[in-house]
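Comments concern the structure below.
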There are 4 protein chains.
Amino acid sequence: MACGGEPVLIKDGERILLMSEDGDEFITVAKSGKKFVTHLGSVEFEKIMGLDFGDFVETSKGEKLYILKPSIVEEILNLKRKTQIVYPKDLGYILLKLDVKPGDRVIDVGIGSGVVSFAMARIVGRKGKVYAYEKRKDFIEKAKENLKNWGVLEFVEIKCRDLSEGVDEREVDAFFLDVPKPWLYIDEVWEALKGGGRFGAVVPTTNQVQEMLSALGESHFKKIEVVENLFRFYKPIPQRLRPYDRMVAHTAYMIFAVKVHE
Amino acid sequence: MACGGEPVLIKDGERILLMSEDGDEFITVAKSGKKFVTHLGSVEFEKIMGLDFGDFVETSKGEKLYILKPSIVEEILNLKRKTQIVYPKDLGYILLKLDVKPGDRVIDVGIGSGVVSFAMARIVGRKGKVYAYEKRKDFIEKAKENLKNWGVLEFVEIKCRDLSEGVDEREVDAFFLDVPKPWLYIDEVWEALKGGGRFGAVVPTTNQVQEMLSALGESHFKKIEVVENLFRFYKPIPQRLRPYDRMVAHTAYMIFAVKVHE
Amino acid sequence: MACGGEPVLIKDGERILLMSEDGDEFITVAKSGKKFVTHLGSVEFEKIMGLDFGDFVETSKGEKLYILKPSIVEEILNLKRKTQIVYPKDLGYILLKLDVKPGDRVIDVGIGSGVVSFAMARIVGRKGKVYAYEKRKDFIEKAKENLKNWGVLEFVEIKCRDLSEGVDEREVDAFFLDVPKPWLYIDEVWEALKGGGRFGAVVPTTNQVQEMLSALGESHFKKIEVVENLFRFYKPIPQRLRPYDRMVAHTAYMIFAVKVHE
Amino acid sequence: MACGGEPVLIKDGERILLMSEDGDEFITVAKSGKKFVTHLGSVEFEKIMGLDFGDFVETSKGEKLYILKPSIVEEILNLKRKTQIVYPKDLGYILLKLDVKPGDRVIDVGIGSGVVSFAMARIVGRKGKVYAYEKRKDFIEKAKENLKNWGVLEFVEIKCRDLSEGVDEREVDAFFLDVPKPWLYIDEVWEALKGGGRFGAVVPTTNQVQEMLSALGESHFKKIEVVENLFRFYKPIPQRLRPYDRMVAHTAYMIFAVKVHE
């Protein structure tokens with residue numbers, strides 16, 4: 001006999017992703033008594049409640065909308081971005097390299113839209129903590145809203161502060177830095193990390209990479225790694241398999257290092 | 001006042017990574033009364049115990065060895081591989097695309113060295129479960145040993161079975177397939193997944209991608225995505241920043257899809 | 001004393017490229033008594049004649065237009081393309097691999113816009129010949145016009161014929177094939193090439209590469225090579241050096257081989 | 001009736017490439033009365049003379065060796081390199097971007113092994129000229145020997161001089177620079193080029209690119225382009241089409257610009 005419970009049906013207040021046959025995606029919240037309106041027609045949320053994820057509804061214009069529980073990748077790619085964000089192609093590798101795991105205490109500076117804090121918080125969970133620093137209040141407000149929507153706000157402690165004033169935490173497992181001049185804060189990072197703690201940063205230009213490497217070379221960090229990646233997507237047509245015509249050429253250079261004592 | 005506890009000192013039985021100044025890495029277990037022997041000289045484990053991670057010891061030949069807690073990336077790259085493994089460059093993205101999170105019930109077929117099960121298990125934790133299938137007993141033995149070393153064996157249920165006999169679980173959150181002919185098992189995957197559940201597979205050749213796309217095209221899966229990546233590492237020299245001369249050109253094509261009802 | 005003649009001044013009937021400060025490019029012919037009109041304003045060709053290449057004129061709107069002699073890359077990229085074309089990123093490598101040199105007799109099928117014939121003709125020169133085959137009359141008309149503009153029409157012999165009817169030439173140095181099903185014509189290619197002659201083809205999909213490799217595997221060709229490339233352009237800003245955000249992900253797979261006798 | 005002459009048979013003194021079934025390649029000269037010796041066995045050159053290119057001979061050990069006329073790519077890849085060379089993947093694009101054509105007068109600094117001068121000389125031919133500068137006498141000796149073997153020495157004028165002393169030529173069509181600090185010579189390049197003349201340089205590091213862009217930004221050059229490429233080769237197996245495991249990650253950044261008057 002197959003094991004595994006019953007499907008969890010969609011309830012009032014549930015965060016959902018609606019996907020059209022053409023691949024348009026909309027992330028929203030199912031609200032009793034309201035309806036979802038788009039260029040593909042409208043649909044009453046009542047029609048969605050009680051359905052299973054993976055089911056579809058038809059809009060007033062007869063368009064199919066499949067109902068999914070938004071994944072982290074979908075949440076990131078559907079952000080109305082006002083800040084530079086860390087993309088899934090880099091984020092997955094960053095989480096591995098920083099070795100983020102349940103119970104870890106980690107620092108994320110600056111929080112931006114909250115993408116990295118989201119990904120970290122979901123993993124470190126209740127026994128861990130993400131300490132997120134950000135100097136711009138408007139970013140913090142937006143990040144808080146996002147983290148609340150994503151259900152991880154309780155695992156993130158957000159502080160409005162410029163990194164030049166230092167961080168409060170010590171012996172943290174990992175430190176992620178997404179600021180314009182990360183090389184200015186190498187000492188703060190080293191102070192905050194535990195021995196063997198993992199450091200990561202992203203910068204868009206080669207000049208910034210050079211500055212970072214100079215700063216790291218004078219510090220007590222080892223295993224310095226600089227890496228970039230190219231993700232190439234293919235048209236999913238079995239008889240004519242080939243990459244799409246265009247692709248992302250660059251997001252950021254990633255820099256990693258490990259704190260040691262000397 | 002800075003917040004954050006005391007460093008956790010290295011104890012008897014601790015799994016450690018020893019790293020030389022030249023970047024040689026050795027993963028071992030600190031055992032009281034024993035010593036670690038390498039071409040860089042030997043070192044008594046007693047000298048290591050009580051130290052902090054990030055500290056170093058000197059070998060009998062005067063070589064410095066830094067002591068780190070092995071990260072998941074280091075564990076993978078230091079595997080004595082007998083099976084094809086999923087590399088960190090792909091693994092991070094796979095975890096994000098499958099949306100693996102605490103409490104999830106996920107399936108990993110075939111287990112190989114246990115790398116994917118390790119990464120999944122660490123995230124799903126005690127409230128979730130990884131169901132790993134593998135038809136080769138020798139692979140299972142090795143994977144069990146690895147998962148035990150990595151501290152996640154309790155979160156993984158391993159079954160010795162060919163996928164053609166089906167899986168026991170239903171309503172799982174994600175299903176990962178790393179077998180030579182994944183297209184043969186699309187129905188089993190669909191049956192096991194919950195509505196909106198996430199499917200991922202890796203295959204090394206374009207012919208296999210074509211077979212997969214044909215099979216997926218006839219199934220109830222949506223959001224079919226085929227992607228590959230190139231990770232390019234840079235020499236960490238600030239005055240002469242440039243990529244290394246050579247790089248990995250190919251590991252696998254990744255294929256993702258989402259289960260829907262029609 | 002420096003050696004090297006006087007600049008060659010622009011004459012009536014000269015083919016020129018006009019380039020704005022913003023990088024807009026227009027290829028045209030300087031015609032006495034006419035003027036060049038664009039959204040950047042107009043300019044009398046009389047003002048251009050007698051100038052040196054590299055000089056600029058000002059349009060009626062005060063915009064600077066630099067005058068260049070169009071290079072082959074500029075001619076290709078400024079084509080109003082109705083056919084799939086071979087891009088510079090691939091073309092340079094193809095010419096080298098086919099070892100095209102002065103005096104060579106080479107075949108180009110199908111001619112398309114004439115880009116490959118142009119590049120080949122310019123090199124083989126008066127003592128060589130490009131034999132271009134094309135089954136569509138409208139393509140031939142357009143290619144002829146292009147080749148005439150580019151000044152190489154006399155070096156190209158164009159034949160309106162489907163490749164299934166064979167080619168007339170024997171002992172040719174190189175054979176380039178840009179048709180949807182190149183694997184159907186392997187025998188024709190082999191017949192036409194001299195011993196050691198060089199064969200090249202471009203195809204957009206992996207399925208086509210597979211078909212080609214199957215056909216070549218049963219033929220008397222050696223040194224079979226399949227290659228693709230990615231060209232990544234950088235923003236030319238010294239203080240913030242980084243790639244552009246997006247790039248071409250795919251044009252075609254290139255396949256090369258050498259005819260041998262067995 | 002098919003048109004095209006008889007095969008040109010191999011003669012005494014002919015430069016040939018011998019290729020084994022396993023893809024080993026040897027470039028040598030067929031010399032009457034001598035024999036070719038390798039680990040695959042030996043073969044008398046007499047047995048080769050009178051054969052057609054594309055034919056094979058058998059060595060004393062029964063190994064097949066196919067006889068080819070070496071192409072430019074084969075000549076480059078079979079160089080015993082003592083200097084950094086420009087690889088085919090970059091060379092083809094450089095020739096197109098510099099718009100090298102019959103009759104052109106072009107400059108190549110420094111000559112290194114002579115690869116770029118070879119490629120340019122073969123195209124510019126008898127009515128053009130390659131002016132090659134090099135400050136190291138040992139490089140010049142080797143380059144001369146190579147250019148003689150390649151049959152283009154008469155089209156190249158080699159001068160032993162440091163570029164800081166300037167070049168003699170004016171109104172040249174193209175200028176290629178492969179020296180460690182190309183930014184020091186921007187003025188010399190500009191002086192030598194004709195209006196609209198094409199400039200290209202290769203440098204291995206991002207720091208050098210930045211220096212070049214700074215120097216070009218203060219000069220009278222336009223159309224500044226920085227580009228790198230990745231060439232990825234596939235295993236030519238139709239049933240299991242996939243890239244080789246590893247590839248070249250980096251050779252050089254290419255920088256191009258056009259001289260204008262301001």
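Ordered as shown in the structure tokens, chains take letters A, B, and onward, while each chain numbers its residues from 1 and ligands are numbered from 1 in the order shown.
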Write down as an MDAnalysis selection string the residues of segment 83-218 of chain C whose backbone DSSP state falls under strand (DSSP E).
chainID C and resid 105:109 129:134 156:160 172:177 193:203
Write the selection just made, keeping N, CA and C atoms, as a short mmCIF file (atom, residue, chain, number, x, y, z; two decimals), in the first residue's frame?
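In the end it all went to part_3.cif:
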```
data_model
loop_
_atom_site.label_atom_id
_atom_site.label_comp_id
_atom_site.auth_asym_id
_atom_site.auth_seq_id
_atom_site.Cartn_x
_atom_site.Cartn_y
_atom_site.Cartn_z
N ARG C 105 39.66 26.75 -54.78
CA ARG C 105 38.34 26.55 -55.38
C ARG C 105 37.45 25.92 -54.30
N VAL C 106 36.39 26.63 -53.95
CA VAL C 106 35.56 26.19 -52.82
C VAL C 106 34.09 26.23 -53.19
N ILE C 107 33.30 25.42 -52.47
CA ILE C 107 31.86 25.35 -52.72
C ILE C 107 31.11 25.84 -51.49
N ASP C 108 30.06 26.63 -51.73
CA ASP C 108 29.21 27.17 -50.65
C ASP C 108 27.76 26.86 -50.98
N VAL C 109 27.13 26.01 -50.14
CA VAL C 109 25.72 25.65 -50.36
C VAL C 109 24.97 25.78 -49.05
N LYS C 129 38.09 30.41 -56.97
CA LYS C 129 36.69 30.56 -57.35
C LYS C 129 35.81 30.01 -56.23
N VAL C 130 34.71 30.72 -56.00
CA VAL C 130 33.67 30.20 -55.12
C VAL C 130 32.52 29.73 -55.99
N TYR C 131 32.14 28.47 -55.85
CA TYR C 131 30.97 27.94 -56.54
C TYR C 131 29.84 27.89 -55.53
N ALA C 132 28.83 28.71 -55.76
CA ALA C 132 27.75 28.81 -54.79
C ALA C 132 26.48 28.20 -55.37
N TYR C 133 25.87 27.32 -54.61
CA TYR C 133 24.62 26.69 -55.05
C TYR C 133 23.48 27.16 -54.16
N GLU C 134 22.32 27.31 -54.80
CA GLU C 134 21.14 27.74 -54.04
C GLU C 134 19.93 27.35 -54.86
N VAL C 156 32.60 34.76 -57.74
CA VAL C 156 31.60 33.77 -57.32
C VAL C 156 30.78 33.32 -58.53
N GLU C 157 30.66 32.02 -58.68
CA GLU C 157 29.80 31.48 -59.73
C GLU C 157 28.59 30.87 -59.06
N ILE C 158 27.43 31.47 -59.33
CA ILE C 158 26.22 31.05 -58.62
C ILE C 158 25.38 30.15 -59.51
N LYS C 159 24.92 29.03 -58.95
CA LYS C 159 24.10 28.09 -59.72
C LYS C 159 22.80 27.84 -58.98
N CYS C 160 21.73 27.91 -59.71
CA CYS C 160 20.42 27.67 -59.13
C CYS C 160 20.11 26.18 -59.26
N VAL C 172 37.74 20.09 -55.37
CA VAL C 172 37.69 21.40 -54.70
C VAL C 172 38.40 21.33 -53.35
N ASP C 173 38.87 22.48 -52.89
CA ASP C 173 39.64 22.54 -51.65
C ASP C 173 38.77 22.46 -50.41
N ALA C 174 37.58 23.03 -50.50
CA ALA C 174 36.71 23.08 -49.32
C ALA C 174 35.25 23.11 -49.75
N PHE C 175 34.39 22.61 -48.85
CA PHE C 175 32.96 22.51 -49.15
C PHE C 175 32.23 22.92 -47.89
N PHE C 176 31.41 23.97 -48.00
CA PHE C 176 30.65 24.43 -46.85
C PHE C 176 29.16 24.23 -47.11
N LEU C 177 28.49 23.69 -46.13
CA LEU C 177 27.11 23.28 -46.29
C LEU C 177 26.25 23.94 -45.21
N LEU C 193 35.13 16.99 -53.20
CA LEU C 193 36.37 17.41 -52.54
C LEU C 193 37.59 16.70 -53.10
N LYS C 194 38.71 17.37 -53.05
CA LYS C 194 39.98 16.70 -53.33
C LYS C 194 40.38 15.88 -52.11
N GLY C 195 41.36 15.01 -52.28
CA GLY C 195 41.87 14.24 -51.14
C GLY C 195 42.41 15.19 -50.10
N GLY C 196 42.03 14.99 -48.84
CA GLY C 196 42.45 15.91 -47.79
C GLY C 196 41.65 17.19 -47.76
N GLY C 197 40.65 17.30 -48.62
CA GLY C 197 39.83 18.51 -48.68
C GLY C 197 39.01 18.69 -47.41
N ARG C 198 38.64 19.93 -47.12
CA ARG C 198 38.02 20.27 -45.84
C ARG C 198 36.53 20.51 -45.99
N PHE C 199 35.77 19.91 -45.08
CA PHE C 199 34.31 20.02 -45.10
C PHE C 199 33.83 20.70 -43.83
N GLY C 200 32.87 21.60 -43.99
CA GLY C 200 32.26 22.24 -42.83
C GLY C 200 30.76 22.40 -43.03
N ALA C 201 30.01 22.30 -41.93
CA ALA C 201 28.56 22.50 -41.99
C ALA C 201 28.11 23.18 -40.71
N VAL C 202 27.01 23.90 -40.81
CA VAL C 202 26.39 24.46 -39.60
C VAL C 202 24.95 23.98 -39.51
N VAL C 203 24.55 23.64 -38.29
CA VAL C 203 23.16 23.22 -38.03
C VAL C 203 22.75 23.77 -36.67
#
```
Please return, as a list in words, all residues of chain C lying within 8 Å of chain A when only C-alpha atoms are considered.
Pro204, Thr205, Thr206, Asn207, Gln208, Arg232, Gln239, Arg240, Leu241, Arg242, Pro243, Tyr244, Asp245, Arg246, Met247, Val248, Ala249, His250 and Thr251 of chain C
Written selection (C-alpha atoms) as an mmCIF file, in the first residue's frame:
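Here's the written file result-v6.cif:
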```cif
data_model
loop_
_atom_site.group_PDB
_atom_site.id
_atom_site.type_symbol
_atom_site.label_atom_id
_atom_site.label_comp_id
_atom_site.auth_asym_id
_atom_site.auth_seq_id
_atom_site.Cartn_x
_atom_site.Cartn_y
_atom_site.Cartn_z
ATOM 1 C CA PRO C 204 21.078 24.795 -35.274
ATOM 2 C CA THR C 205 19.850 21.703 -33.378
ATOM 3 C CA THR C 206 21.423 18.792 -31.526
ATOM 4 C CA ASN C 207 19.202 16.398 -33.479
ATOM 5 C CA GLN C 208 20.816 17.592 -36.692
ATOM 6 C CA ARG C 232 30.757 37.498 -24.446
ATOM 7 C CA GLN C 239 36.352 51.743 -13.806
ATOM 8 C CA ARG C 240 33.503 49.226 -13.922
ATOM 9 C CA LEU C 241 34.627 46.482 -16.265
ATOM 10 C CA ARG C 242 31.993 43.760 -16.573
ATOM 11 C CA PRO C 243 30.158 41.841 -19.294
ATOM 12 C CA TYR C 244 26.957 43.192 -20.756
ATOM 13 C CA ASP C 245 23.865 41.758 -19.070
ATOM 14 C CA ARG C 246 22.782 39.578 -21.961
ATOM 15 C CA MET C 247 24.435 37.743 -24.832
ATOM 16 C CA VAL C 248 23.793 35.450 -27.755
ATOM 17 C CA ALA C 249 23.363 31.935 -26.347
ATOM 18 C CA HIS C 250 23.301 30.031 -29.594
ATOM 19 C CA THR C 251 23.640 30.406 -33.328
#
```
Which of these residues is nearest to Glu218 of chain B, using only C-alpha atoms: B:Glu25, B:Asp12, B:Asp187, B:Asp99?
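Ranked by minimum distance to Glu218 of chain B, first place goes to B:Asp187.
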Need to verify the contact set: segment 67-84 of chain C, 7 Å, only C-alpha atoms, exclusion of same-chain residues closer than 3 positions in sequence. Can you return it as a ChimeraX atom specification?
/C:15-19,53-56,88,112-113,115 /D:96-97,99,196
Would you write out those residues with C-alpha atoms, as an mmCIF file, in the first residue's frame?
```
data_model
loop_
_atom_site.group_PDB
_atom_site.id
_atom_site.type_symbol
_atom_site.label_atom_id
_atom_site.label_comp_id
_atom_site.auth_asym_id
_atom_site.auth_seq_id
_atom_site.Cartn_x
_atom_site.Cartn_y
_atom_site.Cartn_z
ATOM 1 C CA ARG C 15 30.322 52.473 -50.354
ATOM 2 C CA ILE C 16 30.471 54.018 -46.889
ATOM 3 C CA LEU C 17 29.372 53.411 -43.334
ATOM 4 C CA LEU C 18 28.083 56.370 -41.331
ATOM 5 C CA MET C 19 28.323 55.974 -37.577
ATOM 6 C CA PHE C 53 37.805 57.867 -43.998
ATOM 7 C CA GLY C 54 37.683 58.424 -40.246
ATOM 8 C CA ASP C 55 36.524 62.025 -40.744
ATOM 9 C CA PHE C 56 33.066 63.113 -39.644
ATOM 10 C CA PRO C 88 31.072 36.699 -37.509
ATOM 11 C CA GLY C 112 21.564 32.507 -48.377
ATOM 12 C CA SER C 113 22.412 36.205 -48.139
ATOM 13 C CA VAL C 115 27.808 36.097 -46.358
ATOM 14 C CA LEU D 96 37.454 39.467 -39.590
ATOM 15 C CA LYS D 97 37.379 42.362 -37.144
ATOM 16 C CA ASP D 99 38.990 43.338 -41.993
ATOM 17 C CA GLY D 196 39.006 54.383 -40.350
#
```
If you run DSSP on the backbone here, which positions in segment 30-248 of chain A get alpha helix (DSSP H)? Please write them as a PyMOL selection string.
chain A and resi 72-77+88-97+115-124+137-149+186-192+206-217
May I ask which of the residues A:Gly217, A:Pro102, A:Gly114, A:Gly128 is the closest one to Val86 of chain A, counting only C-alpha atoms?
A:Gly114
